[in-house]
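Pasting coords.cif here (mmCIF, C-alpha atoms):
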data_query
loop_
_atom_site.label_atom_id
_atom_site.label_comp_id
_atom_site.auth_asym_id
_atom_site.auth_seq_id
_atom_site.Cartn_x
_atom_site.Cartn_y
_atom_site.Cartn_z
CA MET D 1 23.78 39.51 -2.32
CA LEU D 2 24.94 35.91 -2.59
CA ARG D 3 27.65 34.63 -0.28
CA PRO D 4 30.15 31.84 -1.20
CA ARG D 5 30.70 28.70 0.84
CA ALA D 6 33.34 28.80 3.65
CA HIS D 7 35.86 26.49 3.16
CA SER D 8 38.80 -8.61 18.09
CA GLU D 9 35.67 -9.95 18.80
CA ARG D 10 36.01 -11.49 22.20
CA ARG D 11 33.82 -14.49 22.85
CA ALA D 12 32.97 -15.77 26.31
CA SER D 13 31.75 -19.32 26.82
CA ALA D 14 29.64 -20.45 29.69
CA ALA D 15 27.73 -23.56 30.58
CA SER D 16 24.12 -23.28 29.52
CA THR D 17 21.39 -23.93 32.02
CA ASN D 18 17.85 -24.91 31.07
CA ILE D 19 15.32 -22.95 33.05
CA ASP D 20 11.65 -23.72 32.87
CA MET D 21 9.76 -20.47 32.67
CA PRO D 22 6.00 -20.29 33.28
CA ARG D 23 3.98 -19.73 30.15
CA ARG D 24 1.27 -17.10 30.19
CA LYS D 25 -1.21 -16.23 27.52
CA LEU D 26 -0.94 -12.72 26.16
CA SER D 27 -4.05 -10.66 26.70
CA THR D 28 -5.97 -9.67 23.58
CA GLY D 29 -4.84 -6.06 23.99
CA VAL D 30 -1.15 -6.91 24.34
CA ALA D 31 -1.25 -9.28 21.37
CA PHE D 32 -2.96 -6.67 19.22
CA ALA D 33 -0.38 -4.04 20.20
CA LEU D 34 2.49 -6.40 19.30
CA ILE D 35 0.94 -7.05 15.89
CA CYS D 36 0.75 -3.28 15.30
CA LEU D 37 4.43 -2.97 16.20
CA VAL D 38 5.43 -5.72 13.77
CA PHE D 39 3.37 -4.43 10.86
CA PHE D 40 3.84 -0.70 11.31
CA SER D 41 7.30 -0.19 12.76
CA GLY D 42 7.91 2.55 10.17
CA PRO D 43 7.01 6.26 10.48
CA ALA D 44 5.78 7.14 13.94
CA SER D 45 4.32 10.49 13.04
CA ALA D 46 3.13 12.51 10.08
CA ALA D 47 6.34 14.53 10.13
CA ASP D 48 8.22 11.32 9.23
CA ALA D 49 5.92 10.42 6.33
CA SER D 50 7.55 10.42 2.90
CA PHE D 51 6.64 13.08 0.36
CA ARG D 52 4.90 11.91 -2.79
CA VAL D 53 4.31 13.19 -6.32
CA GLY D 54 1.67 15.92 -6.19
CA ASP D 55 2.33 16.95 -2.58
CA THR D 56 2.50 20.68 -1.98
CA ILE D 57 5.03 21.77 0.63
CA GLU D 58 5.75 25.05 2.35
CA LEU D 59 9.46 25.86 2.43
CA ARG D 60 11.10 28.63 4.42
CA ILE D 61 14.76 29.62 4.37
CA GLY D 62 16.72 31.41 7.09
CA GLY D 63 20.32 32.52 7.54
CA VAL D 64 20.37 34.43 4.25
CA PRO D 65 19.85 38.10 3.24
CA ALA D 66 16.27 39.34 3.52
CA GLU D 67 15.76 39.62 -0.24
CA GLU D 68 16.86 36.01 -0.65
CA THR D 69 14.45 34.89 2.07
CA GLN D 70 11.58 36.36 0.07
CA LEU D 71 12.85 34.76 -3.15
CA VAL D 72 13.19 31.21 -1.83
CA THR D 73 10.45 31.01 0.81
CA GLY D 74 7.14 29.79 -0.60
CA SER D 75 5.01 26.86 -1.78
CA TYR D 76 6.43 24.11 -3.98
CA THR D 77 4.73 21.11 -5.58
CA VAL D 78 6.48 17.77 -6.04
CA ASP D 79 6.47 17.24 -9.83
CA GLY D 80 5.77 14.05 -11.75
CA GLU D 81 9.42 13.01 -11.51
CA GLY D 82 9.53 13.54 -7.74
CA PHE D 83 11.40 16.87 -7.64
CA ILE D 84 10.79 20.40 -6.40
CA ASN D 85 12.25 23.25 -8.46
CA LEU D 86 14.12 25.81 -6.31
CA PRO D 87 15.65 29.20 -7.15
CA HIS D 88 19.40 29.14 -7.94
CA VAL D 89 19.84 25.35 -7.60
CA GLY D 90 17.04 23.96 -9.75
CA LYS D 91 15.58 20.53 -9.06
CA VAL D 92 16.00 18.76 -5.72
CA ARG D 93 14.51 15.29 -5.20
CA ALA D 94 11.67 15.30 -2.65
CA ALA D 95 9.64 12.12 -3.34
CA GLY D 96 10.53 9.37 -0.92
CA LEU D 97 12.11 11.73 1.60
CA GLY D 98 10.71 12.65 5.01
CA GLN D 99 10.55 16.19 6.32
CA ALA D 100 13.95 16.20 8.05
CA ALA D 101 15.68 14.49 5.11
CA LEU D 102 14.30 17.00 2.61
CA GLN D 103 15.39 19.91 4.79
CA ARG D 104 18.94 18.51 4.84
CA ALA D 105 18.90 17.89 1.08
CA VAL D 106 17.89 21.46 0.29
CA GLU D 107 20.45 22.91 2.69
CA ALA D 108 23.15 20.72 1.11
CA ALA D 109 22.13 21.81 -2.40
CA TYR D 110 22.53 25.49 -1.54
CA ARG D 111 25.85 24.92 0.25
CA SER D 112 27.38 22.65 -2.40
CA GLY D 113 26.36 25.09 -5.11
CA GLN D 114 28.16 27.84 -3.15
CA ILE D 115 24.94 29.85 -3.12
CA TYR D 116 24.59 30.33 0.64
CA THR D 117 27.14 29.67 3.37
CA ASN D 118 24.85 28.50 6.18
CA PRO D 119 21.17 28.27 5.11
CA THR D 120 18.52 26.92 7.45
CA ILE D 121 15.57 25.23 5.75
CA THR D 122 12.18 24.52 7.34
CA VAL D 123 9.69 22.32 5.46
CA THR D 124 6.05 21.87 6.40
CA VAL D 125 3.07 20.24 4.68
CA PRO D 126 -0.42 21.78 4.81
CA THR D 127 -2.41 18.90 6.31
CA THR D 128 -5.53 19.87 4.35
CA LEU D 129 -3.74 18.80 1.16
CA ARG D 130 -3.32 15.20 2.33
CA PHE D 131 -5.94 12.50 2.64
CA VAL D 132 -6.82 9.03 3.90
CA ASN D 133 -9.03 6.86 1.69
CA VAL D 134 -11.94 4.94 3.25
CA SER D 135 -13.78 2.41 1.07
CA GLY D 136 -15.96 -0.68 1.28
CA ASP D 137 -18.94 -1.17 3.58
CA VAL D 138 -19.14 2.32 5.06
CA ARG D 139 -22.09 4.61 4.51
CA GLN D 140 -20.16 7.31 2.65
CA PRO D 141 -16.95 5.95 1.03
CA ARG D 142 -14.68 8.94 0.56
CA ARG D 143 -11.32 10.61 0.90
CA VAL D 144 -11.06 11.93 4.45
CA GLU D 145 -8.94 15.03 5.03
CA TYR D 146 -5.85 14.13 7.03
CA THR D 147 -5.22 15.62 10.46
CA THR D 148 -2.41 14.72 12.83
CA ASP D 149 -4.82 13.10 15.33
CA LEU D 150 -6.82 11.08 12.78
CA THR D 151 -7.27 7.42 13.78
CA VAL D 152 -8.77 4.37 12.08
CA LEU D 153 -11.99 4.69 14.05
CA GLY D 154 -12.11 8.44 13.42
CA ALA D 155 -11.70 7.97 9.66
CA ILE D 156 -14.48 5.38 9.55
CA SER D 157 -16.75 7.73 11.52
CA ALA D 158 -15.94 10.54 9.06
CA ALA D 159 -17.06 8.21 6.26
CA GLY D 160 -20.48 7.81 7.88
CA GLY D 161 -19.72 4.73 9.95
CA PHE D 162 -20.31 1.07 9.11
CA THR D 163 -23.21 -0.24 7.05
CA ASP D 164 -25.43 -2.92 8.55
CA TYR D 165 -23.50 -5.58 6.61
CA ALA D 166 -19.94 -4.51 7.45
CA ASP D 167 -17.53 -6.98 8.98
CA GLN D 168 -16.16 -4.86 11.81
CA ARG D 169 -13.68 -7.53 12.91
CA LYS D 170 -11.74 -7.64 9.63
CA VAL D 171 -11.12 -4.03 8.66
CA ARG D 172 -8.06 -3.73 6.40
CA LEU D 173 -5.50 -0.97 6.92
CA MET D 174 -3.09 -0.62 3.98
CA ARG D 175 0.10 1.40 4.31
CA GLY D 176 3.18 1.32 2.11
CA GLY D 177 2.46 -2.12 0.67
CA GLN D 178 1.65 -3.64 4.07
CA VAL D 179 -1.78 -4.79 5.19
CA GLN D 180 -3.07 -5.18 8.72
CA ILE D 181 -6.41 -6.66 9.78
CA ILE D 182 -8.03 -4.66 12.58
CA ASP D 183 -10.81 -5.76 14.90
CA ILE D 184 -12.76 -2.54 15.45
CA LYS D 185 -14.89 -4.13 18.17
CA ALA D 186 -11.69 -4.75 20.14
CA VAL D 187 -10.64 -1.14 19.51
CA ARG D 188 -13.96 0.10 20.88
CA SER D 189 -13.39 -1.95 24.02
CA ASN D 190 -9.88 -0.56 24.38
CA PRO D 191 -9.46 2.84 22.64
CA SER D 192 -5.71 2.78 23.27
CA LEU D 193 -5.50 0.21 20.44
CA ASP D 194 -6.81 2.72 17.88
CA ILE D 195 -4.05 3.37 15.31
CA ILE D 196 -2.95 6.88 14.38
CA LEU D 197 -3.12 7.23 10.60
CA LEU D 198 -0.61 8.73 8.17
CA PRO D 199 -1.25 10.53 4.88
CA GLY D 200 -1.94 8.08 2.08
CA ASP D 201 -3.26 5.30 4.33
CA GLN D 202 -6.16 3.28 2.94
CA ILE D 203 -8.93 1.69 4.98
CA GLU D 204 -11.13 -0.99 3.44
CA VAL D 205 -14.17 -2.38 5.23
CA PRO D 206 -15.29 -5.80 3.95
CA GLN D 207 -18.82 -7.16 3.90
CA SER D 208 -19.76 -9.78 6.45
CA PHE D 209 -20.83 -13.12 4.97
CA TRP D 210 -23.00 -14.04 7.93
#
Let me see whether you can do it: turn the structure in this file into structure tokens.
Amino acid sequence: MLRPRAHSERRASAASTNIDMPRRKLSTGVAFALICLVFFSGPASAADASFRVGDTIELRIGGVPAEETQLVTGSYTVDGEGFINLPHVGKVRAAGLGQAALQRAVEAAYRSGQIYTNPTITVTVPTTLRFVNVSGDVRQPRRVEYTTDLTVLGAISAAGGFTDYADQRKVRLMRGGQVQIIDIKAVRSNPSLDIILLPGDQIEVPQSFW
């Protein structure tokens, strides 16, 4: 049974003092980490990654009668226009939203439509349905199944590793229109520099010219 919805800047001036500070060179590791921060200051985890057309999501609803839980809970695919089609409310935009944002959007759709008073939505994405693409001078260029602990080095290993002609110091990581050059030899020396990947990332390994 459906239930209706319950109804002056202050500025301080001070004399400036010039202080000579000692200059120190950043270590290779620190510099590399700062570059990562500048280029990839976006999603920190897979849960924050935006949904895309073709993604299949698992949606579960709580706070509603049992028969409604069974009706709404299930798998939904983001259609070509970026929407998922839900019982009672129809299409809700999913493409471009992260997990938490989509949960809020679905909850709001059911409340504003006066379908459920206080629904609780949980959205998850089966990781086996998402991939990272690895191309270029690797032994087996392929789509690598995404897992939450997948790193750049791990994805390259899953693609068979480097060929004899690969330029390991200029590996390209492409994410959301941004490109970062990664020195894999530096990563091997300091594994903490290895970057955690997100669904949809692309890795391209160039050929060395010498």
Determine the residue set returned by the PyMOL selection byres ((chain D and resi 91) around 12) for the present structure, and present it as an mmCIF file with C-alpha atoms, in the coordinates of the input.
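Once written, expr_35.cif looks like this:
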data_model
loop_
_atom_site.group_PDB
_atom_site.id
_atom_site.type_symbol
_atom_site.label_atom_id
_atom_site.label_comp_id
_atom_site.auth_asym_id
_atom_site.auth_seq_id
_atom_site.Cartn_x
_atom_site.Cartn_y
_atom_site.Cartn_z
ATOM 1 C CA TYR D 76 6.430 24.110 -3.980
ATOM 2 C CA THR D 77 4.730 21.110 -5.580
ATOM 3 C CA VAL D 78 6.480 17.770 -6.040
ATOM 4 C CA ASP D 79 6.470 17.240 -9.830
ATOM 5 C CA GLU D 81 9.420 13.010 -11.510
ATOM 6 C CA GLY D 82 9.530 13.540 -7.740
ATOM 7 C CA PHE D 83 11.400 16.870 -7.640
ATOM 8 C CA ILE D 84 10.790 20.400 -6.400
ATOM 9 C CA ASN D 85 12.250 23.250 -8.460
ATOM 10 C CA LEU D 86 14.120 25.810 -6.310
ATOM 11 C CA PRO D 87 15.650 29.200 -7.150
ATOM 12 C CA HIS D 88 19.400 29.140 -7.940
ATOM 13 C CA VAL D 89 19.840 25.350 -7.600
ATOM 14 C CA GLY D 90 17.040 23.960 -9.750
ATOM 15 C CA VAL D 92 16.000 18.760 -5.720
ATOM 16 C CA ARG D 93 14.510 15.290 -5.200
ATOM 17 C CA ALA D 94 11.670 15.300 -2.650
ATOM 18 C CA ALA D 95 9.640 12.120 -3.340
ATOM 19 C CA ALA D 105 18.900 17.890 1.080
ATOM 20 C CA VAL D 106 17.890 21.460 0.290
ATOM 21 C CA ALA D 109 22.130 21.810 -2.400
ATOM 22 C CA TYR D 110 22.530 25.490 -1.540
#
Check which residues satisfy the PyMOL selection byres ((chain D and resi 162) around 12) in the file shown, then give them as a PyMOL selection string. chain D and resi 134-141+153-161+163-169+171+184-185+204-208
Now that the selection is made, can you save its residues with C-alpha atoms as a PDB file, keeping the file's coordinate frame?
ATOM      1  CA  VAL D 134     -11.940   4.940   3.250  1.00  0.00           C
ATOM      2  CA  SER D 135     -13.780   2.410   1.070  1.00  0.00           C
ATOM      3  CA  GLY D 136     -15.960  -0.680   1.280  1.00  0.00           C
ATOM      4  CA  ASP D 137     -18.940  -1.170   3.580  1.00  0.00           C
ATOM      5  CA  VAL D 138     -19.140   2.320   5.060  1.00  0.00           C
ATOM      6  CA  ARG D 139     -22.090   4.610   4.510  1.00  0.00           C
ATOM      7  CA  GLN D 140     -20.160   7.310   2.650  1.00  0.00           C
ATOM      8  CA  PRO D 141     -16.950   5.950   1.030  1.00  0.00           C
ATOM      9  CA  LEU D 153     -11.990   4.690  14.050  1.00  0.00           C
ATOM     10  CA  GLY D 154     -12.110   8.440  13.420  1.00  0.00           C
ATOM     11  CA  ALA D 155     -11.700   7.970   9.660  1.00  0.00           C
ATOM     12  CA  ILE D 156     -14.480   5.380   9.550  1.00  0.00           C
ATOM     13  CA  SER D 157     -16.750   7.730  11.520  1.00  0.00           C
ATOM     14  CA  ALA D 158     -15.940  10.540   9.060  1.00  0.00           C
ATOM     15  CA  ALA D 159     -17.060   8.210   6.260  1.00  0.00           C
ATOM     16  CA  GLY D 160     -20.480   7.810   7.880  1.00  0.00           C
ATOM     17  CA  GLY D 161     -19.720   4.730   9.950  1.00  0.00           C
ATOM     18  CA  THR D 163     -23.210  -0.240   7.050  1.00  0.00           C
ATOM     19  CA  ASP D 164     -25.430  -2.920   8.550  1.00  0.00           C
ATOM     20  CA  TYR D 165     -23.500  -5.580   6.610  1.00  0.00           C
ATOM     21  CA  ALA D 166     -19.940  -4.510   7.450  1.00  0.00           C
ATOM     22  CA  ASP D 167     -17.530  -6.980   8.980  1.00  0.00           C
ATOM     23  CA  GLN D 168     -16.160  -4.860  11.810  1.00  0.00           C
ATOM     24  CA  ARG D 169     -13.680  -7.530  12.910  1.00  0.00           C
ATOM     25  CA  VAL D 171     -11.120  -4.030   8.660  1.00  0.00           C
ATOM     26  CA  ILE D 184     -12.760  -2.540  15.450  1.00  0.00           C
ATOM     27  CA  LYS D 185     -14.890  -4.130  18.170  1.00  0.00           C
ATOM     28  CA  GLU D 204     -11.130  -0.990   3.440  1.00  0.00           C
ATOM     29  CA  VAL D 205     -14.170  -2.380   5.230  1.00  0.00           C
ATOM     30  CA  PRO D 206     -15.290  -5.800   3.950  1.00  0.00           C
ATOM     31  CA  GLN D 207     -18.820  -7.160   3.900  1.00  0.00           C
ATOM     32  CA  SER D 208     -19.760  -9.780   6.450  1.00  0.00           C
TER      33      SER D 208
END
The PyMOL selection byres ((chain D and resi 202) around 6) applied to the shown file, residues as a PDB file with C-alpha atoms, in the coordinates of the input:
ATOM      1  CA  VAL D 132      -6.820   9.030   3.900  1.00  0.00           C
ATOM      2  CA  ASN D 133      -9.030   6.860   1.690  1.00  0.00           C
ATOM      3  CA  LEU D 173      -5.500  -0.970   6.920  1.00  0.00           C
ATOM      4  CA  MET D 174      -3.090  -0.620   3.980  1.00  0.00           C
ATOM      5  CA  ASP D 201      -3.260   5.300   4.330  1.00  0.00           C
ATOM      6  CA  ILE D 203      -8.930   1.690   4.980  1.00  0.00           C
TER       7      ILE D 203
END
Which distance in Å separates CA of Gly74 in chain D and CA of Phe51 in chain D, to one decimal?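 CA of Phe51 in chain D lies at a distance of 16.7 Å from CA of Gly74 in chain D.
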Under the rule that only C-alpha atoms are counted, which of D:Val64, D:Lys170, D:Thr147, D:Asp183 is the nearest residue to Ile196 in chain D?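 Using only C-alpha atoms, Ile196 in chain D sits closest to D:Thr147.
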Smallest atom-to-atom distance to Glu107 in chain D: which of D:Ala66, D:Val144, D:Leu59, D:Ile182, using all atoms listed in the file?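 Looking at the shortest contact to Glu107 in chain D, the residue is D:Leu59.
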What is the distance between CA of Pro126 in chain D and CA of Gln99 in chain D, in Å to one decimal? 12.4 Å
Enter the distance from CA of Gly98 in chain D to CA of Arg52 in chain D, in Å, rounded to one decimal.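 Separation of CA of Gly98 in chain D and CA of Arg52 in chain D: 9.8 Å.
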